[in-house]
Structure formats: structure tokens, C-alpha cells
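Raw contents of protein_7.csv, CSV, C-alpha atoms:
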```csv
chain,number,residue,atom,x,y,z
A,1,MET,CA,-115.0,-17.0,-184.3
A,2,PRO,CA,-118.1,-15.1,-183.2
A,3,GLU,CA,-118.9,-11.9,-185.0
A,4,ASN,CA,-117.1,-8.7,-184.0
A,5,ARG,CA,-118.7,-6.8,-181.1
A,6,GLU,CA,-118.0,-3.4,-179.8
A,7,CYS,CA,-115.6,-3.6,-176.8
A,8,SER,CA,-114.9,-1.0,-174.1
A,9,GLY,CA,-111.7,0.8,-175.0
A,10,ALA,CA,-111.6,-0.6,-178.6
A,11,SER,CA,-113.6,-0.1,-181.8
A,12,SER,CA,-113.8,-3.8,-182.6
A,13,CYS,CA,-112.5,-7.2,-181.7
A,14,THR,CA,-109.6,-8.8,-183.7
A,15,LYS,CA,-108.5,-12.4,-183.8
A,16,GLU,CA,-105.7,-11.5,-181.4
A,17,SER,CA,-107.7,-9.5,-178.9
A,18,CYS,CA,-111.0,-11.4,-179.0
A,19,GLU,CA,-109.8,-14.4,-177.0
A,20,GLY,CA,-109.4,-12.3,-173.9
A,21,CYS,CA,-112.5,-10.2,-174.3
A,22,ALA,CA,-115.0,-10.5,-171.5
A,23,GLN,CA,-117.8,-10.1,-174.0
A,24,ASN,CA,-116.7,-13.1,-176.0
A,25,THR,CA,-119.0,-15.9,-175.1
A,26,GLY,CA,-118.4,-18.1,-178.1
A,27,ALA,CA,-116.3,-21.3,-178.3
A,28,LYS,CA,-112.6,-20.9,-177.6
A,29,PRO,CA,-110.5,-20.8,-180.7
A,30,ASP,CA,-107.8,-23.5,-181.1
A,31,PHE,CA,-104.3,-22.0,-181.0
A,32,SER,CA,-102.5,-25.3,-180.4
A,33,VAL,CA,-99.3,-25.9,-182.4
A,34,PRO,CA,-98.3,-29.3,-183.6
A,35,MET,CA,-95.3,-31.0,-182.1
A,36,ASN,CA,-92.3,-31.6,-184.4
A,37,ALA,CA,-92.9,-34.8,-186.3
A,38,HIS,CA,-89.7,-36.3,-185.0
A,39,SER,CA,-90.4,-35.7,-181.4
A,40,SER,CA,-92.4,-37.7,-178.8
A,41,VAL,CA,-93.0,-35.9,-175.5
A,42,LYS,CA,-95.1,-37.7,-172.9
A,43,LYS,CA,-95.6,-34.9,-170.4
A,44,VAL,CA,-95.2,-31.2,-170.6
A,45,ILE,CA,-94.7,-29.4,-167.3
A,46,GLY,CA,-94.8,-25.6,-167.0
A,47,VAL,CA,-92.8,-23.9,-164.2
A,48,VAL,CA,-94.2,-20.4,-163.5
A,49,SER,CA,-94.0,-17.6,-161.0
A,50,GLY,CA,-96.1,-14.6,-160.3
A,51,LYS,CA,-93.0,-12.4,-160.0
A,52,GLY,CA,-89.3,-12.4,-160.8
A,53,GLY,CA,-86.5,-13.2,-158.4
A,54,VAL,CA,-88.0,-16.3,-156.7
A,55,GLY,CA,-85.7,-18.8,-158.4
A,56,LYS,CA,-88.0,-20.2,-161.0
A,57,SER,CA,-85.2,-21.3,-163.3
A,58,PHE,CA,-83.5,-22.9,-160.4
A,59,VAL,CA,-86.6,-25.0,-159.5
A,60,THR,CA,-87.0,-25.9,-163.2
A,61,ALA,CA,-83.4,-27.1,-163.3
A,62,ALA,CA,-83.7,-28.9,-160.0
A,63,PHE,CA,-86.8,-30.9,-161.1
A,64,ALA,CA,-85.3,-31.8,-164.4
A,65,THR,CA,-82.1,-33.0,-162.8
A,66,GLN,CA,-83.9,-35.1,-160.2
A,67,MET,CA,-86.2,-36.6,-162.8
A,68,ARG,CA,-83.1,-37.5,-164.9
A,69,LYS,CA,-81.5,-39.1,-161.9
A,70,GLU,CA,-84.6,-41.2,-161.6
A,71,GLY,CA,-83.9,-42.6,-165.1
A,72,TYR,CA,-86.3,-40.5,-167.1
A,73,GLN,CA,-85.6,-38.8,-170.5
A,74,VAL,CA,-85.9,-35.1,-169.8
A,75,GLY,CA,-85.7,-31.9,-171.7
A,76,ILE,CA,-86.0,-28.2,-170.8
A,77,LEU,CA,-87.6,-25.6,-173.1
A,78,ASP,CA,-86.2,-22.3,-172.0
A,79,ALA,CA,-89.2,-20.0,-172.7
A,80,ASP,CA,-87.7,-17.1,-170.6
A,81,ILE,CA,-86.5,-15.6,-173.9
A,82,THR,CA,-85.3,-12.2,-172.5
A,83,GLY,CA,-83.7,-13.7,-169.4
A,84,PRO,CA,-82.4,-17.2,-170.4
A,85,SER,CA,-80.3,-18.8,-167.7
A,86,ILE,CA,-80.8,-22.6,-168.2
A,87,PRO,CA,-77.9,-23.0,-170.6
A,88,LYS,CA,-75.4,-21.5,-168.2
A,89,MET,CA,-76.6,-23.5,-165.3
A,90,PHE,CA,-75.9,-26.7,-167.2
A,91,GLY,CA,-72.8,-25.6,-168.9
A,92,VAL,CA,-74.1,-25.9,-172.5
A,93,HIS,CA,-73.2,-23.6,-175.3
A,94,GLY,CA,-74.3,-23.0,-178.9
A,95,PRO,CA,-74.6,-22.9,-181.7
A,96,ALA,CA,-77.5,-25.4,-181.9
A,97,THR,CA,-77.6,-27.1,-185.2
A,98,GLY,CA,-80.4,-28.2,-187.5
A,99,ASN,CA,-81.3,-29.8,-190.8
A,100,ASP,CA,-84.5,-30.5,-192.8
A,101,LEU,CA,-86.0,-32.3,-189.8
A,102,GLY,CA,-85.6,-29.2,-187.5
A,103,MET,CA,-83.4,-27.8,-184.8
A,104,TYR,CA,-81.6,-30.0,-182.4
A,105,PRO,CA,-81.4,-29.3,-178.6
A,106,ILE,CA,-78.0,-29.5,-176.9
A,107,GLU,CA,-77.5,-32.1,-174.3
A,108,ALA,CA,-76.1,-31.3,-170.9
A,109,ALA,CA,-73.5,-33.6,-169.2
A,110,ASN,CA,-76.3,-35.7,-167.6
A,111,GLY,CA,-78.3,-36.1,-170.9
A,112,ILE,CA,-80.9,-33.4,-170.3
A,113,LYS,CA,-81.8,-31.8,-173.6
A,114,VAL,CA,-81.9,-28.0,-173.6
A,115,MET,CA,-83.2,-25.5,-176.1
A,116,SER,CA,-82.8,-21.8,-175.4
A,117,ILE,CA,-82.4,-18.6,-177.4
A,118,ASN,CA,-78.9,-18.4,-176.0
A,119,LEU,CA,-78.0,-21.5,-178.0
A,120,LEU,CA,-79.0,-19.7,-181.2
A,121,MET,CA,-77.1,-16.4,-180.7
A,122,GLU,CA,-73.6,-15.6,-181.7
A,123,ASP,CA,-73.1,-13.6,-178.5
A,124,GLU,CA,-74.6,-15.3,-175.4
A,125,GLU,CA,-74.4,-12.0,-173.5
A,126,ALA,CA,-76.2,-9.9,-176.1
A,127,PRO,CA,-79.7,-8.7,-175.0
A,128,VAL,CA,-82.8,-10.0,-176.6
A,129,VAL,CA,-84.8,-6.8,-177.4
A,130,TRP,CA,-87.9,-8.2,-179.0
A,131,ARG,CA,-91.6,-7.4,-178.8
A,132,GLY,CA,-94.0,-9.8,-177.3
A,133,PRO,CA,-95.4,-11.3,-180.5
A,134,VAL,CA,-91.9,-12.2,-181.7
A,135,ILE,CA,-91.0,-13.8,-178.4
A,136,ALA,CA,-94.2,-15.7,-178.4
A,137,GLY,CA,-93.5,-16.9,-181.9
A,138,THR,CA,-90.1,-18.1,-180.9
A,139,VAL,CA,-91.5,-20.2,-178.0
A,140,LYS,CA,-93.9,-21.9,-180.4
A,141,GLN,CA,-91.0,-22.7,-182.7
A,142,PHE,CA,-89.2,-24.3,-179.8
A,143,TRP,CA,-92.1,-26.8,-179.7
A,144,SER,CA,-92.8,-27.2,-183.4
A,145,ASP,CA,-89.4,-26.9,-185.0
A,146,VAL,CA,-87.1,-28.6,-182.4
A,147,VAL,CA,-86.4,-32.3,-182.7
A,148,TRP,CA,-86.7,-33.3,-179.0
A,149,GLY,CA,-86.7,-37.1,-179.7
A,150,ASP,CA,-88.3,-39.3,-177.1
A,151,LEU,CA,-88.9,-37.5,-173.8
A,152,ASP,CA,-90.7,-38.6,-170.7
A,153,TYR,CA,-90.9,-35.0,-169.4
A,154,LEU,CA,-90.4,-31.6,-171.0
A,155,PHE,CA,-90.1,-28.8,-168.5
A,156,VAL,CA,-91.0,-25.3,-169.8
A,157,ASP,CA,-89.2,-22.5,-167.9
A,158,MET,CA,-91.5,-19.6,-168.3
A,159,PRO,CA,-90.8,-15.9,-167.7
A,160,PRO,CA,-92.3,-14.4,-164.5
A,161,GLY,CA,-95.8,-12.9,-164.6
A,162,THR,CA,-98.9,-13.6,-166.6
A,163,GLY,CA,-98.1,-12.0,-169.9
A,164,ASP,CA,-97.6,-13.1,-173.6
A,165,VAL,CA,-95.3,-16.1,-173.1
A,166,PRO,CA,-97.3,-18.0,-170.4
A,167,LEU,CA,-100.5,-17.3,-172.4
A,168,THR,CA,-98.8,-18.6,-175.6
A,169,VAL,CA,-97.5,-21.8,-173.8
A,170,PHE,CA,-100.9,-22.5,-172.2
A,171,GLN,CA,-102.7,-22.1,-175.6
A,172,SER,CA,-100.2,-23.6,-177.9
A,173,LEU,CA,-98.6,-26.5,-176.1
A,174,PRO,CA,-100.3,-29.6,-174.5
A,175,VAL,CA,-99.4,-28.6,-171.0
A,176,ASP,CA,-100.2,-31.4,-168.5
A,177,GLY,CA,-99.8,-29.2,-165.4
A,178,ILE,CA,-97.9,-26.3,-163.9
A,179,ILE,CA,-95.7,-25.9,-160.9
A,180,ILE,CA,-95.9,-22.5,-159.2
A,181,VAL,CA,-92.7,-21.2,-157.6
A,182,THR,CA,-92.7,-18.6,-154.8
A,183,SER,CA,-90.8,-17.4,-151.7
A,184,PRO,CA,-91.8,-16.9,-148.1
A,185,GLN,CA,-92.7,-13.2,-148.2
A,186,GLU,CA,-95.9,-11.4,-147.4
A,187,LEU,CA,-96.6,-11.1,-151.2
A,188,VAL,CA,-96.7,-14.8,-151.5
A,189,GLN,CA,-100.5,-15.1,-151.2
A,190,MET,CA,-101.2,-12.6,-154.0
A,191,ILE,CA,-98.4,-14.1,-156.2
A,192,VAL,CA,-99.5,-17.7,-156.0
A,193,LYS,CA,-103.2,-16.7,-156.5
A,194,LYS,CA,-102.4,-14.8,-159.7
A,195,ALA,CA,-100.6,-17.8,-161.2
A,196,TYR,CA,-103.2,-20.2,-160.0
A,197,HIS,CA,-106.2,-18.2,-161.4
A,198,MET,CA,-104.5,-17.7,-164.8
A,199,ALA,CA,-104.0,-21.5,-165.0
A,200,ALA,CA,-107.6,-22.0,-164.0
A,201,MET,CA,-108.8,-19.6,-166.7
A,202,MET,CA,-106.8,-21.6,-169.3
A,203,ASP,CA,-108.0,-25.0,-168.0
A,204,ILE,CA,-104.4,-26.0,-167.0
A,205,PRO,CA,-104.0,-28.2,-163.9
A,206,VAL,CA,-102.0,-26.8,-161.1
A,207,LEU,CA,-99.8,-29.6,-159.7
A,208,GLY,CA,-98.7,-27.7,-156.7
A,209,VAL,CA,-96.4,-25.0,-155.3
A,210,VAL,CA,-92.7,-24.9,-154.4
A,211,GLU,CA,-91.3,-22.5,-151.9
A,212,ASN,CA,-87.8,-21.4,-152.7
A,213,PHE,CA,-85.5,-19.6,-150.2
A,214,SER,CA,-87.6,-21.2,-147.5
A,215,TYR,CA,-84.8,-21.1,-144.9
A,216,LEU,CA,-81.1,-21.0,-144.3
A,217,LYS,CA,-79.6,-23.9,-142.3
A,218,CYS,CA,-76.9,-22.8,-139.9
A,219,PRO,CA,-73.7,-24.6,-140.8
A,220,ASP,CA,-72.7,-24.9,-137.2
A,221,CYS,CA,-75.8,-25.9,-135.3
A,222,GLY,CA,-78.2,-26.9,-138.1
A,223,LYS,CA,-80.9,-24.5,-136.9
A,224,LYS,CA,-83.3,-23.3,-139.6
A,225,ILE,CA,-83.2,-19.5,-140.0
A,226,SER,CA,-86.1,-17.8,-141.8
A,227,MET,CA,-84.3,-15.2,-143.8
A,228,PHE,CA,-87.3,-13.9,-145.6
A,229,GLY,CA,-89.9,-14.3,-142.8
A,230,GLU,CA,-92.0,-17.2,-141.7
A,231,SER,CA,-93.5,-19.4,-144.3
A,232,HIS,CA,-97.2,-19.3,-145.0
A,233,ILE,CA,-97.1,-21.6,-147.9
A,234,GLU,CA,-99.1,-24.5,-146.3
A,235,GLU,CA,-101.9,-22.0,-145.5
A,236,VAL,CA,-101.9,-20.5,-149.0
A,237,ALA,CA,-101.8,-23.9,-150.7
A,238,GLY,CA,-104.5,-25.3,-148.5
A,239,GLY,CA,-106.8,-22.5,-149.3
A,240,LEU,CA,-106.4,-23.1,-153.0
A,241,GLY,CA,-106.6,-26.9,-152.6
A,242,ILE,CA,-103.2,-27.6,-154.0
A,243,GLU,CA,-100.1,-29.4,-152.7
A,244,VAL,CA,-96.8,-28.1,-151.4
A,245,LEU,CA,-94.3,-30.0,-153.6
A,246,GLY,CA,-91.2,-28.8,-151.8
A,247,LYS,CA,-89.5,-26.2,-149.6
A,248,LEU,CA,-86.0,-25.4,-150.8
A,249,PRO,CA,-83.4,-23.9,-148.5
A,250,LEU,CA,-80.8,-21.2,-149.3
A,251,GLU,CA,-77.8,-23.4,-150.3
A,252,PRO,CA,-74.6,-21.6,-151.4
A,253,LYS,CA,-73.4,-24.8,-153.1
A,254,TYR,CA,-76.4,-24.6,-155.4
A,255,ALA,CA,-75.5,-21.1,-156.5
A,256,GLN,CA,-71.9,-22.2,-157.0
A,257,ALA,CA,-72.9,-25.2,-159.1
A,258,ALA,CA,-75.2,-23.0,-161.3
A,259,ASP,CA,-72.4,-20.4,-161.8
A,260,GLU,CA,-69.9,-23.1,-162.8
A,261,GLY,CA,-72.3,-24.9,-165.2
A,262,LEU,CA,-72.4,-27.9,-163.0
A,263,PHE,CA,-76.0,-28.0,-162.0
A,264,HIS,CA,-76.3,-31.6,-163.2
A,265,GLU,CA,-74.4,-32.6,-160.1
A,266,VAL,CA,-76.9,-31.0,-157.7
A,267,GLU,CA,-79.0,-33.2,-155.4
A,268,SER,CA,-82.4,-31.9,-154.4
A,269,PRO,CA,-83.9,-34.2,-151.8
A,270,TYR,CA,-86.3,-31.4,-150.8
A,271,LEU,CA,-88.4,-32.1,-154.0
A,272,GLU,CA,-89.3,-35.7,-153.1
A,273,THR,CA,-93.1,-34.9,-152.9
A,274,GLY,CA,-92.9,-33.1,-156.3
A,275,ILE,CA,-91.0,-35.9,-157.9
A,276,LYS,CA,-93.7,-38.4,-156.8
A,277,LYS,CA,-96.4,-36.1,-158.1
A,278,LEU,CA,-94.8,-36.0,-161.5
A,279,GLU,CA,-94.3,-39.7,-161.6
A,280,ASN,CA,-98.0,-40.3,-160.9
A,281,LEU,CA,-99.3,-38.0,-163.6
```

Represent the structure from my file as C-alpha cells, please.
Amino acid sequence: MPENRECSGASSCTKESCEGCAQNTGAKPDFSVPMNAHSSVKKVIGVVSGKGGVGKSFVTAAFATQMRKEGYQVGILDADITGPSIPKMFGVHGPATGNDLGMYPIEAANGIKVMSINLLMEDEEAPVVWRGPVIAGTVKQFWSDVVWGDLDYLFVDMPPGTGDVPLTVFQSLPVDGIIIVTSPQELVQMIVKKAYHMAAMMDIPVLGVVENFSYLKCPDCGKKISMFGESHIEEVAGGLGIEVLGKLPLEPKYAQAADEGLFHEVESPYLETGIKKLENL
């Protein structure tokens, strides 16, 4: 650590604040956390969004399910601590168990391993009212204390925005790349760029972007209807030099499967480009 310097708005730097200080020109501190000794994870993929409500957890679940269908061993680390939805989508329930080796994730019907705060709580509907440092610490424990076993891909479903948890994941886990999720609205450009620039600051590769709610297909004529405006995702992605990994339609059957805990039955052919990207990492 470089010696403390006076910072605008603060009397001195601390270990926690210095890493983000514009005046810190020293070497970056190492905040990496060791993987559980009984785990072997080949690729860690973060799924992020610049704002909430764009279906980030849905895209995480869709990628995980498709990769599992391709024959890979897959896990999902639900880092959206205050808004966990992955367990419900796959119909898994706690309590998760553990022993001297660590905690064990719960397997969905298709073999995807899931770890979420909901699997550790007595009441799945109880709110998680924790401060940022506690949430960040829990996410690190999901990496260091969970016995994931042998996984080809571990998808990390992160909360929206660029706050404590994404920062913790980027610094603590060996993230091989992130997928940015967005929707076809005018805010899309700003949202994607925020997530992209945060990843760049942390030296994390951006694998590409997925547009959710891209269109609604008319059940009668098959026409694509742009419910949220015309898509600009190709233009935005091209400007940043990243790929469009998929454009997902509004599908009522997807929502129904998630509500019924049957997401493992969902087929997502719209993510073919993204699947190939992951396979070639």
C-alpha cells in the first residue's frame, strides 16, 4: 500500500477507500479470495446490468440451462443477496447443508448447482436487510466456503448497478469475463457503457451484451412487435467493440416456467451466439 495521502472530501485514505482513490498511483492491492479447496471451477462468468428490471437473473438462468444441455457441469452463484430469485426459478429450496469441508450447493432437477442466501434462511420470504460490507463478505464466502465440486462454468448472478457486490466479485473472484444484460430502451446506451467501463477499470473482459425483452412475437401472424422501442443494441455494441450474444423475446412461457420452478425445462435458442462464445473461452 502507498502511504496515506490527503484526499478531497476525506482526511486520509484507508485500506478500504484507497483502492478507488484517483490519487492512488501505486500498485493495485490483491483482494483475491482462494477457492474452496474441494472445488474446481474452470470458468467464472459474471452476469451484470447497469440497472434493475432488465431480466439479468433470467439471462443467467438461461445461459446456465443451455450450457447444461450442452453437457457441461454448471453452477450458479446467486450474488444478488437482497433480491435472490435463482432458487425459485429452478425450484430448489433449503436449507443447504455443510460439514468440515464447507457448505454444499443444492442441485436443480437438471443438475445445475445453486448457492443463494435463500438456501440458508429459515424463511425464504424474509428480507435481507444487511449493509454493503456484510453482503460483500457473504458473496466471498459463496466462493471460498462452498464445495462446488468440478464445474466447467460458474455463473455469478450479480445485483444491478456498479456498487459493492460487483466490485467485490471483480476483485475477489477469478472472473474470466462478463455478460452485460440490457433492454431496448433509450437508456440502453448509458446503461451498457456504465457496466462496460466498470469492467474495463477492473481489467475484466466483456464477452458481449444480451438484449432482453427485445420483441414480442405475435402468436397469430408471427410478426415481431417492438414493445419497448426499436433496438439499438448492434449500434451500441459496435461502438464499444463487443458482440451481441443474443436478443431474447418476451415469452409468457418463460415467465410461467420461472414461477413454477421449472426453468430447467426452458429452451433458449436465441443465445446460440453466446453459447459458442463461452465454449471458445

Just want the 12 Å neighbourhood of segment 71-75 of chain A, counted on all atoms listed in the file, with same-chain residues fewer than 4 positions away dropped. Output as number ranges by chain. A: 39-45, 60-67, 86-87, 90, 104-108, 110-116, 142-143, 146-157, 275, 278-279

Between A:Val244, A:Ala126, A:Val59, A:Met103, which one has atoms that come closest to Ser231 of chain A, using only C-alpha atoms? A:Val244

Using the file's own x, y and z axes, so that the box edges lie along x, y and z, what centre and edge lengths in Å (one decimal) does a box around every listed atom of segment 58-63 of chain A get when 3 Å is added on each side? Give it as JSON.
```
{"center_x": -85.2, "center_y": -26.9, "center_z": -161.4, "size_x": 9.6, "size_y": 14.0, "size_z": 9.8}
```

Quick check, in Å to one decimal: how far apart do atom CA of Val209 of chain A and atom CA of Gly229 of chain A lie?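 Atom CA of Gly229 of chain A lies at a distance of 17.7 Å from atom CA of Val209 of chain A.
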
Counting all atoms listed in the file, what is within 12 Å of Glu243 of chain A, bar same-chain residues fewer than 6 positions away, as a VMD selection string? chain A and resid 178 to 180 205 to 211 233 to 237 273 to 274 276 to 277

Output for the residues just chosen: C-alpha atoms as a PDB file, in the frame of the given file:
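What ended up in result.pdb:
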```
ATOM      1  CA  ILE A 178     -97.900 -26.300-163.900  1.00  0.00           C
ATOM      2  CA  ILE A 179     -95.700 -25.900-160.900  1.00  0.00           C
ATOM      3  CA  ILE A 180     -95.900 -22.500-159.200  1.00  0.00           C
ATOM      4  CA  PRO A 205    -104.000 -28.200-163.900  1.00  0.00           C
ATOM      5  CA  VAL A 206    -102.000 -26.800-161.100  1.00  0.00           C
ATOM      6  CA  LEU A 207     -99.800 -29.600-159.700  1.00  0.00           C
ATOM      7  CA  GLY A 208     -98.700 -27.700-156.700  1.00  0.00           C
ATOM      8  CA  VAL A 209     -96.400 -25.000-155.300  1.00  0.00           C
ATOM      9  CA  VAL A 210     -92.700 -24.900-154.400  1.00  0.00           C
ATOM     10  CA  GLU A 211     -91.300 -22.500-151.900  1.00  0.00           C
ATOM     11  CA  ILE A 233     -97.100 -21.600-147.900  1.00  0.00           C
ATOM     12  CA  GLU A 234     -99.100 -24.500-146.300  1.00  0.00           C
ATOM     13  CA  GLU A 235    -101.900 -22.000-145.500  1.00  0.00           C
ATOM     14  CA  VAL A 236    -101.900 -20.500-149.000  1.00  0.00           C
ATOM     15  CA  ALA A 237    -101.800 -23.900-150.700  1.00  0.00           C
ATOM     16  CA  THR A 273     -93.100 -34.900-152.900  1.00  0.00           C
ATOM     17  CA  GLY A 274     -92.900 -33.100-156.300  1.00  0.00           C
ATOM     18  CA  LYS A 276     -93.700 -38.400-156.800  1.00  0.00           C
ATOM     19  CA  LYS A 277     -96.400 -36.100-158.100  1.00  0.00           C
TER      20      LYS A 277
END
```

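What separates atom CA of Pro252 of chain A from atom CA of Val128 of chain A is a distance of 28.9 Å.
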
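Across the structure, atom CA of Lys69 of chain A and atom CA of Ile204 of chain A are spaced 26.9 Å apart.
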
Would you please work out which residue, of A:Gly222, A:Gly177, A:Pro95, A:Gly239, is nearest to Ala200 of chain A when using only C-alpha atoms?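 Using only C-alpha atoms, Ala200 of chain A sits closest to A:Gly177.
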
Go through A:Met158, A:Leu173, A:Asn212, A:Leu250 one by one, measure the shortest atom-to-atom distance of each to Ile225 of chain A using only C-alpha atoms, and give the residue with the smallest value. A:Leu250
